[in-house]
Amino acid sequence: MHLRQIIAWLLETDETRLAALWRQADSARKEGVGEAVHLRGLVELSNHCVRLCAYCGLRVENRNLPRYRMSREEVLACARQAVELGYGTVVLQAGEDPGVTAAWMADLVRHVKRETPLAVTLSLGERDEEELALWRQSGADRYLLRFETSNRRLYEAIHPPPPASGHPGQASDRIALLGTLRRLGYEVGSGVMIGIPGQTYDDLARDIALFRALDLDMIGVGPYLEHPDTPLGKGPDFGFPILDLRSQPKIQNPKSKIQRSQPKIQNPKSKIQNPSCQVPAGELMTYKVIALARLVCPRANIPATTALATLNLAQGRELGLLRGANVIMPNLTPPQYRVHYEIYPNKACLRETARQCHQCTEARIESLGRSVGRGRGDAPRYAHALDH
Ligand code: SAM
Ligand code: SF4
């Protein structure tokens, strides 16, 4: 698919034509990865973070957030629960936390692999190559690292280097790190936030084209949701003068009713959009990006994310699954910690237990006539490599 076509879909407002996009994405999903919906149990093992990401509530300068780090035994209890609930994968996620040391994490991965048949996905931010290599040798199978935006100028504005790291002033390069992860033999996942202030339709189309160029095994996309204790959440002028906030719209407050309702299809006459306009951080745009990600990477594993469910608790995940997604990540983090993993406020499914999350997820999948995936649900390329 050419960039021009991707942009045209992102700008599309006609409901009939969009219905055709959903159908195309759904059949590409069926053909590429089948009917099973794979469940990945998510464990948010630490909310400490040294980074200053301008969008995220876990950023080091947010002093309003109580911090926690789970013990090895607590994480292992979650992994055992993942097995009990029939999941094939556990996703171990955290802020970029130096307290999660290379050795501690390697020991944890080895324990999970020794005690369970689970595939292990890590999502621990930008770590040194030696650490990533050690965790891979310890048995970790997959790594998730969103590149967030392919617009370098926007990326540098929203993702400055951490103040107290060993590399002050050194710009981060998540796209280069994805190459390192691939070389180390990980199944590689990445993705973007949709509607970050400053992100244009042209930028978002290039992000989707980059999913294809990187040949991603997993693609996670979700709407940007504003957090009041972050520079971006404090308003459009978030103190990065280099950023040209083109056609900055009013960013919806996740607490408002408007954002939780069904998406409104814009009347094409009311507002003429063009590729250099700001992308809205909404539900409809998220479905479009899921569908287009499926069309450019038909065999990738693509979750219907919690951020999408946060916009539409009643139906967000189901609509994601009907428009290209094939994965859900039920939360296994113990509720007393989960409330403090506050990337953005009012996250969906904050107070449910792991078992409640599981029952609700299974019921939603069955209501669509789809089946719950059994086994690890590896990306086809990786499954093929394991077979040979
Ligand atoms: N620290 C790791 C990292 O940055 O890759 C993993 C955890 S981080 C919280 C996981 C993802 O949350 C980020 O890649 C980002 O896309 C998403 N995220 C952070 N703040 C967000 C916000 N305000 N709205 C939506 N998604 C957000
Ligand atoms: Fe830290 Fe990840 Fe949040 Fe950035 S997005 S502040 S690295 S947890």
# chains A, B, ... in the order shown; residues from 1 in each chain; ligands from 1
$ closest_atom_pairs --of "chain A" --to "ligand 1" --cutoff "9 Å" --atoms "only C-alpha atoms and all ligand atoms" --output "tab-separated table"
residue	atom	partner	partner_atom_place_in_ligand_line	distance
A:Glu44	CA	ligand 1	7 (C)	8.3
A:Asn47	CA	ligand 1	9 (C)	8.3
A:Cys49	CA	ligand 1	1 (N)	7.1
A:Arg51	CA	ligand 1	1 (N)	8.2
A:Cys53	CA	ligand 1	20 (N)	7.7
A:Ala54	CA	ligand 1	20 (N)	8.3
A:Tyr55	CA	ligand 1	23 (N)	4.7
A:Cys56	CA	ligand 1	20 (N)	3.6
A:Gly57	CA	ligand 1	20 (N)	6.4
A:Leu58	CA	ligand 1	9 (C)	6.9
A:Arg59	CA	ligand 1	20 (N)	8.9
A:Gln93	CA	ligand 1	6 (C)	5.7
A:Ala94	CA	ligand 1	7 (C)	5.1
A:Gly95	CA	ligand 1	1 (N)	3.7
A:Glu96	CA	ligand 1	1 (N)	4.9
A:Asp97	CA	ligand 1	1 (N)	8.1
A:Leu122	CA	ligand 1	6 (C)	8.8
A:Ser123	CA	ligand 1	6 (C)	5.1
A:Leu124	CA	ligand 1	2 (C)	4.8
A:Gly125	CA	ligand 1	2 (C)	3.9
A:Glu126	CA	ligand 1	5 (O)	7.0
A:Leu144	CA	ligand 1	5 (O)	6.9
A:Leu145	CA	ligand 1	5 (O)	4.7
A:Arg146	CA	ligand 1	14 (O)	4.7
A:Phe147	CA	ligand 1	14 (O)	7.3
A:Glu148	CA	ligand 1	16 (O)	5.7
A:Ser190	CA	ligand 1	14 (O)	8.2
A:Gly191	CA	ligand 1	16 (O)	7.3
A:Val192	CA	ligand 1	16 (O)	5.8
A:Met193	CA	ligand 1	16 (O)	5.3
A:Ile194	CA	ligand 1	25 (C)	8.0
A:Ile196	CA	ligand 1	24 (N)	8.3
A:Gly220	CA	ligand 1	16 (O)	8.2
A:Val221	CA	ligand 1	16 (O)	7.5
A:Gly222	CA	ligand 1	25 (C)	6.3
A:Pro223	CA	ligand 1	25 (C)	5.6
A:Tyr224	CA	ligand 1	24 (N)	3.8
A:Leu225	CA	ligand 1	24 (N)	3.8
A:Glu226	CA	ligand 1	23 (N)	5.0
A:His227	CA	ligand 1	23 (N)	5.6
A:Thr230	CA	ligand 1	23 (N)	8.4
A:Leu232	CA	ligand 1	23 (N)	8.5
A:Gly233	CA	ligand 1	23 (N)	8.1
A:Ala307	CA	ligand 1	25 (C)	6.3
A:Tyr341	CA	ligand 1	9 (C)	8.0
A:Glu342	CA	ligand 1	9 (C)	8.3
A:Ile343	CA	ligand 1	20 (N)	4.9
A:Tyr344	CA	ligand 1	23 (N)	4.8
A:Pro345	CA	ligand 1	23 (N)	8.3
$ residues_around --residues "Gln24 (chain A)" --least-positions-apart "3" --cutoff "12 Å" --atoms "only C-alpha atoms" --output "list in words"
Arg17, Leu18, Ala19, Ala20, Leu21, Ser27, Ala28, Arg29, Lys30, Glu31, Gly32, Lys288, Ile290, Ala291, Leu292, Ala293, Arg294, Leu295, Val296, Pro298, Leu322, Arg323 and Gly324 of chain A
$ closest_residue --among "A:Arg136, A:Arg183, A:Arg142, A:Arg80" --to "Ala354 (chain A)" --atoms "only C-alpha atoms"
A:Arg80
$ select_by_dssp --residues "region 65-254 of chain A" --states "strand (DSSP E)" --output "PDB file with N, CA and C atoms, in the first residue's frame"
ATOM      1  N   THR A  89       1.312 -16.810  27.217  1.00  0.00           N
ATOM      2  CA  THR A  89       2.383 -15.798  27.278  1.00  0.00           C
ATOM      3  C   THR A  89       2.213 -14.932  28.509  1.00  0.00           C
ATOM      4  N   VAL A  90       3.343 -14.543  29.085  1.00  0.00           N
ATOM      5  CA  VAL A  90       3.304 -13.518  30.123  1.00  0.00           C
ATOM      6  C   VAL A  90       4.132 -12.332  29.614  1.00  0.00           C
ATOM      7  N   VAL A  91       3.555 -11.124  29.770  1.00  0.00           N
ATOM      8  CA  VAL A  91       4.258  -9.907  29.328  1.00  0.00           C
ATOM      9  C   VAL A  91       4.736  -9.174  30.577  1.00  0.00           C
ATOM     10  N   LEU A  92       6.046  -9.045  30.715  1.00  0.00           N
ATOM     11  CA  LEU A  92       6.610  -8.386  31.894  1.00  0.00           C
ATOM     12  C   LEU A  92       6.972  -6.959  31.513  1.00  0.00           C
ATOM     13  N   GLN A  93       6.187  -6.012  32.023  1.00  0.00           N
ATOM     14  CA  GLN A  93       6.367  -4.623  31.613  1.00  0.00           C
ATOM     15  C   GLN A  93       6.729  -3.754  32.807  1.00  0.00           C
ATOM     16  N   ALA A  94       7.467  -2.669  32.550  1.00  0.00           N
ATOM     17  CA  ALA A  94       7.839  -1.737  33.617  1.00  0.00           C
ATOM     18  C   ALA A  94       8.278  -0.417  33.019  1.00  0.00           C
ATOM     19  N   ALA A 119       5.572 -18.423  27.037  1.00  0.00           N
ATOM     20  CA  ALA A 119       6.471 -17.530  26.300  1.00  0.00           C
ATOM     21  C   ALA A 119       6.603 -16.263  27.148  1.00  0.00           C
ATOM     22  N   VAL A 120       7.791 -15.674  27.154  1.00  0.00           N
ATOM     23  CA  VAL A 120       8.026 -14.471  27.953  1.00  0.00           C
ATOM     24  C   VAL A 120       8.277 -13.277  27.033  1.00  0.00           C
ATOM     25  N   THR A 121       7.430 -12.263  27.189  1.00  0.00           N
ATOM     26  CA  THR A 121       7.624 -11.010  26.456  1.00  0.00           C
ATOM     27  C   THR A 121       8.100  -9.967  27.441  1.00  0.00           C
ATOM     28  N   LEU A 122       9.135  -9.228  27.067  1.00  0.00           N
ATOM     29  CA  LEU A 122       9.620  -8.150  27.933  1.00  0.00           C
ATOM     30  C   LEU A 122       9.252  -6.799  27.321  1.00  0.00           C
ATOM     31  N   SER A 123       8.967  -5.829  28.185  1.00  0.00           N
ATOM     32  CA  SER A 123       8.693  -4.465  27.733  1.00  0.00           C
ATOM     33  C   SER A 123       9.225  -3.550  28.829  1.00  0.00           C
ATOM     34  N   ARG A 142      10.345 -12.491  23.456  1.00  0.00           N
ATOM     35  CA  ARG A 142       9.856 -11.350  22.672  1.00  0.00           C
ATOM     36  C   ARG A 142      10.157 -10.048  23.407  1.00  0.00           C
ATOM     37  N   TYR A 143      10.217  -8.959  22.638  1.00  0.00           N
ATOM     38  CA  TYR A 143      10.432  -7.647  23.263  1.00  0.00           C
ATOM     39  C   TYR A 143       9.532  -6.624  22.585  1.00  0.00           C
ATOM     40  N   LEU A 144       8.843  -5.840  23.413  1.00  0.00           N
ATOM     41  CA  LEU A 144       7.974  -4.772  22.904  1.00  0.00           C
ATOM     42  C   LEU A 144       8.605  -3.419  23.193  1.00  0.00           C
ATOM     43  N   GLU A 187      11.504 -12.000  19.043  1.00  0.00           N
ATOM     44  CA  GLU A 187      10.339 -11.621  18.256  1.00  0.00           C
ATOM     45  C   GLU A 187      10.122 -10.141  18.583  1.00  0.00           C
ATOM     46  N   VAL A 188       9.974  -9.304  17.570  1.00  0.00           N
ATOM     47  CA  VAL A 188      10.044  -7.862  17.808  1.00  0.00           C
ATOM     48  C   VAL A 188       8.680  -7.187  17.652  1.00  0.00           C
ATOM     49  N   GLY A 189       8.312  -6.413  18.678  1.00  0.00           N
ATOM     50  CA  GLY A 189       7.057  -5.667  18.633  1.00  0.00           C
ATOM     51  C   GLY A 189       7.306  -4.184  18.803  1.00  0.00           C
ATOM     52  N   SER A 190       6.497  -3.395  18.090  1.00  0.00           N
ATOM     53  CA  SER A 190       6.608  -1.954  18.258  1.00  0.00           C
ATOM     54  C   SER A 190       5.253  -1.328  17.972  1.00  0.00           C
ATOM     55  N   GLY A 191       5.218  -0.015  17.905  1.00  0.00           N
ATOM     56  CA  GLY A 191       3.943   0.641  17.648  1.00  0.00           C
ATOM     57  C   GLY A 191       4.027   2.117  17.980  1.00  0.00           C
ATOM     58  N   VAL A 192       2.879   2.757  17.972  1.00  0.00           N
ATOM     59  CA  VAL A 192       2.834   4.206  18.183  1.00  0.00           C
ATOM     60  C   VAL A 192       1.602   4.582  18.992  1.00  0.00           C
ATOM     61  N   MET A 193       1.644   5.808  19.510  1.00  0.00           N
ATOM     62  CA  MET A 193       0.426   6.415  20.063  1.00  0.00           C
ATOM     63  C   MET A 193      -0.222   7.219  18.955  1.00  0.00           C
ATOM     64  N   ILE A 194      -1.533   7.271  19.004  1.00  0.00           N
ATOM     65  CA  ILE A 194      -2.289   7.944  17.950  1.00  0.00           C
ATOM     66  C   ILE A 194      -2.819   9.265  18.489  1.00  0.00           C
ATOM     67  N   MET A 218       4.885  -7.962  16.107  1.00  0.00           N
ATOM     68  CA  MET A 218       3.772  -7.522  16.962  1.00  0.00           C
ATOM     69  C   MET A 218       3.634  -6.009  16.775  1.00  0.00           C
ATOM     70  N   ILE A 219       2.390  -5.547  16.708  1.00  0.00           N
ATOM     71  CA  ILE A 219       2.159  -4.103  16.520  1.00  0.00           C
ATOM     72  C   ILE A 219       1.137  -3.631  17.550  1.00  0.00           C
ATOM     73  N   GLY A 220       1.580  -2.761  18.449  1.00  0.00           N
ATOM     74  CA  GLY A 220       0.681  -2.225  19.477  1.00  0.00           C
ATOM     75  C   GLY A 220       0.416  -0.750  19.204  1.00  0.00           C
ATOM     76  N   VAL A 221      -0.851  -0.416  18.955  1.00  0.00           N
ATOM     77  CA  VAL A 221      -1.194   0.991  18.744  1.00  0.00           C
ATOM     78  C   VAL A 221      -2.360   1.346  19.653  1.00  0.00           C
ATOM     79  N   GLY A 222      -2.352   2.575  20.134  1.00  0.00           N
ATOM     80  CA  GLY A 222      -3.457   3.007  20.988  1.00  0.00           C
ATOM     81  C   GLY A 222      -3.530   4.519  20.973  1.00  0.00           C
ATOM     82  N   PRO A 223      -4.683   5.060  21.362  1.00  0.00           N
ATOM     83  CA  PRO A 223      -4.822   6.513  21.383  1.00  0.00           C
ATOM     84  C   PRO A 223      -3.944   7.137  22.461  1.00  0.00           C
TER      85      PRO A 223
END
$ residues_around --residues "Cys297 (chain A)" --least-positions-apart "6" --cutoff "8 Å" --atoms "only C-alpha atoms" --output "list in words"
Phe211, Arg212, Asp215 and Leu216 of chain A
$ write_last_selection --atoms "C-alpha atoms" --output "short mmCIF file (atom, residue, chain, number, x, y, z; two decimals), in the first residue's frame"
data_model
loop_
_atom_site.label_atom_id
_atom_site.label_comp_id
_atom_site.auth_asym_id
_atom_site.auth_seq_id
_atom_site.Cartn_x
_atom_site.Cartn_y
_atom_site.Cartn_z
CA PHE A 211 5.59 -1.11 10.50
CA ARG A 212 5.89 -2.78 7.09
CA ASP A 215 8.50 -6.28 9.27
CA LEU A 216 7.19 -6.28 12.84
#
$ select_by_dssp --residues "region 55-106 of chain A" --states "alpha helix (DSSP H)" --output "JSON, numbers by chain"
{"A": [72, 73, 74, 75, 76, 77, 78, 79, 80, 81, 82, 83, 84, 102, 103, 104, 105, 106]}
$ write_last_selection --atoms "C-alpha atoms" --output "mmCIF file, in the first residue's frame"
data_model
loop_
_atom_site.group_PDB
_atom_site.id
_atom_site.type_symbol
_atom_site.label_atom_id
_atom_site.label_comp_id
_atom_site.auth_asym_id
_atom_site.auth_seq_id
_atom_site.Cartn_x
_atom_site.Cartn_y
_atom_site.Cartn_z
ATOM 1 C CA ARG A 72 10.406 -11.996 42.309
ATOM 2 C CA GLU A 73 7.903 -14.140 44.234
ATOM 3 C CA GLU A 74 5.051 -11.765 43.423
ATOM 4 C CA VAL A 75 5.858 -11.844 39.693
ATOM 5 C CA LEU A 76 6.210 -15.626 39.745
ATOM 6 C CA ALA A 77 2.792 -15.912 41.429
ATOM 7 C CA CYS A 78 1.330 -13.909 38.499
ATOM 8 C CA ALA A 79 3.085 -16.212 36.007
ATOM 9 C CA ARG A 80 1.605 -19.260 37.748
ATOM 10 C CA GLN A 81 -1.791 -17.644 37.571
ATOM 11 C CA ALA A 82 -1.281 -17.068 33.818
ATOM 12 C CA VAL A 83 -0.784 -20.827 33.439
ATOM 13 C CA GLU A 84 -3.856 -21.576 35.566
ATOM 14 C CA ALA A 102 20.063 -7.108 34.443
ATOM 15 C CA ALA A 103 20.871 -9.960 36.858
ATOM 16 C CA TRP A 104 17.547 -9.764 38.756
ATOM 17 C CA MET A 105 15.583 -9.818 35.530
ATOM 18 C CA ALA A 106 17.648 -12.676 34.060
#
$ residues_around --residues "region 200-202 of chain A" --least-positions-apart "3" --cutoff "6 Å" --atoms "only C-alpha atoms" --output "PyMOL selection string"
chain A and resi 205+275-279
$ write_last_selection --atoms "all heavy atoms" --output "PDB file, in the first residue's frame"
ATOM      1  N   ALA A 205       0.843   8.178   8.706  1.00  0.00           N
ATOM      2  CA  ALA A 205       0.943   7.298   7.534  1.00  0.00           C
ATOM      3  C   ALA A 205       2.363   6.743   7.423  1.00  0.00           C
ATOM      4  O   ALA A 205       2.574   5.561   7.113  1.00  0.00           O
ATOM      5  CB  ALA A 205       0.559   8.072   6.276  1.00  0.00           C
ATOM      6  N   PRO A 275      -3.265  16.364   4.913  1.00  0.00           N
ATOM      7  CA  PRO A 275      -2.229  15.538   5.560  1.00  0.00           C
ATOM      8  C   PRO A 275      -1.372  16.258   6.579  1.00  0.00           C
ATOM      9  O   PRO A 275      -0.719  15.620   7.387  1.00  0.00           O
ATOM     10  CB  PRO A 275      -1.380  15.066   4.372  1.00  0.00           C
ATOM     11  CG  PRO A 275      -2.283  15.154   3.199  1.00  0.00           C
ATOM     12  CD  PRO A 275      -3.213  16.295   3.451  1.00  0.00           C
ATOM     13  N   SER A 276      -1.374  17.613   6.566  1.00  0.00           N
ATOM     14  CA  SER A 276      -0.536  18.266   7.576  1.00  0.00           C
ATOM     15  C   SER A 276      -1.343  18.749   8.782  1.00  0.00           C
ATOM     16  O   SER A 276      -0.833  19.496   9.611  1.00  0.00           O
ATOM     17  CB  SER A 276       0.264  19.410   6.955  1.00  0.00           C
ATOM     18  OG  SER A 276      -0.612  20.259   6.288  1.00  0.00           O
ATOM     19  N   CYS A 277      -2.595  18.289   8.899  1.00  0.00           N
ATOM     20  CA  CYS A 277      -3.395  18.592  10.097  1.00  0.00           C
ATOM     21  C   CYS A 277      -3.023  17.656  11.244  1.00  0.00           C
ATOM     22  O   CYS A 277      -2.519  16.550  11.016  1.00  0.00           O
ATOM     23  CB  CYS A 277      -4.876  18.385   9.813  1.00  0.00           C
ATOM     24  SG  CYS A 277      -5.632  19.726   8.915  1.00  0.00           S
ATOM     25  N   GLN A 278      -3.320  18.103  12.438  1.00  0.00           N
ATOM     26  CA  GLN A 278      -3.157  17.269  13.643  1.00  0.00           C
ATOM     27  C   GLN A 278      -4.100  16.057  13.583  1.00  0.00           C
ATOM     28  O   GLN A 278      -5.278  16.200  13.266  1.00  0.00           O
ATOM     29  CB  GLN A 278      -3.480  18.127  14.874  1.00  0.00           C
ATOM     30  CG  GLN A 278      -3.688  17.371  16.168  1.00  0.00           C
ATOM     31  CD  GLN A 278      -2.406  16.789  16.751  1.00  0.00           C
ATOM     32  OE1 GLN A 278      -1.384  17.459  16.775  1.00  0.00           O
ATOM     33  NE2 GLN A 278      -2.463  15.563  17.222  1.00  0.00           N
ATOM     34  N   VAL A 279      -3.579  14.886  13.927  1.00  0.00           N
ATOM     35  CA  VAL A 279      -4.403  13.671  14.021  1.00  0.00           C
ATOM     36  C   VAL A 279      -5.197  13.708  15.332  1.00  0.00           C
ATOM     37  O   VAL A 279      -4.622  13.995  16.380  1.00  0.00           O
ATOM     38  CB  VAL A 279      -3.489  12.422  14.021  1.00  0.00           C
ATOM     39  CG1 VAL A 279      -4.275  11.168  14.352  1.00  0.00           C
ATOM     40  CG2 VAL A 279      -2.763  12.277  12.705  1.00  0.00           C
TER      41      VAL A 279
END
$ atom_distance --atom1 "CA of Arg376 (chain A)" --atom2 "CA of Tyr87 (chain A)"
7.7 Å
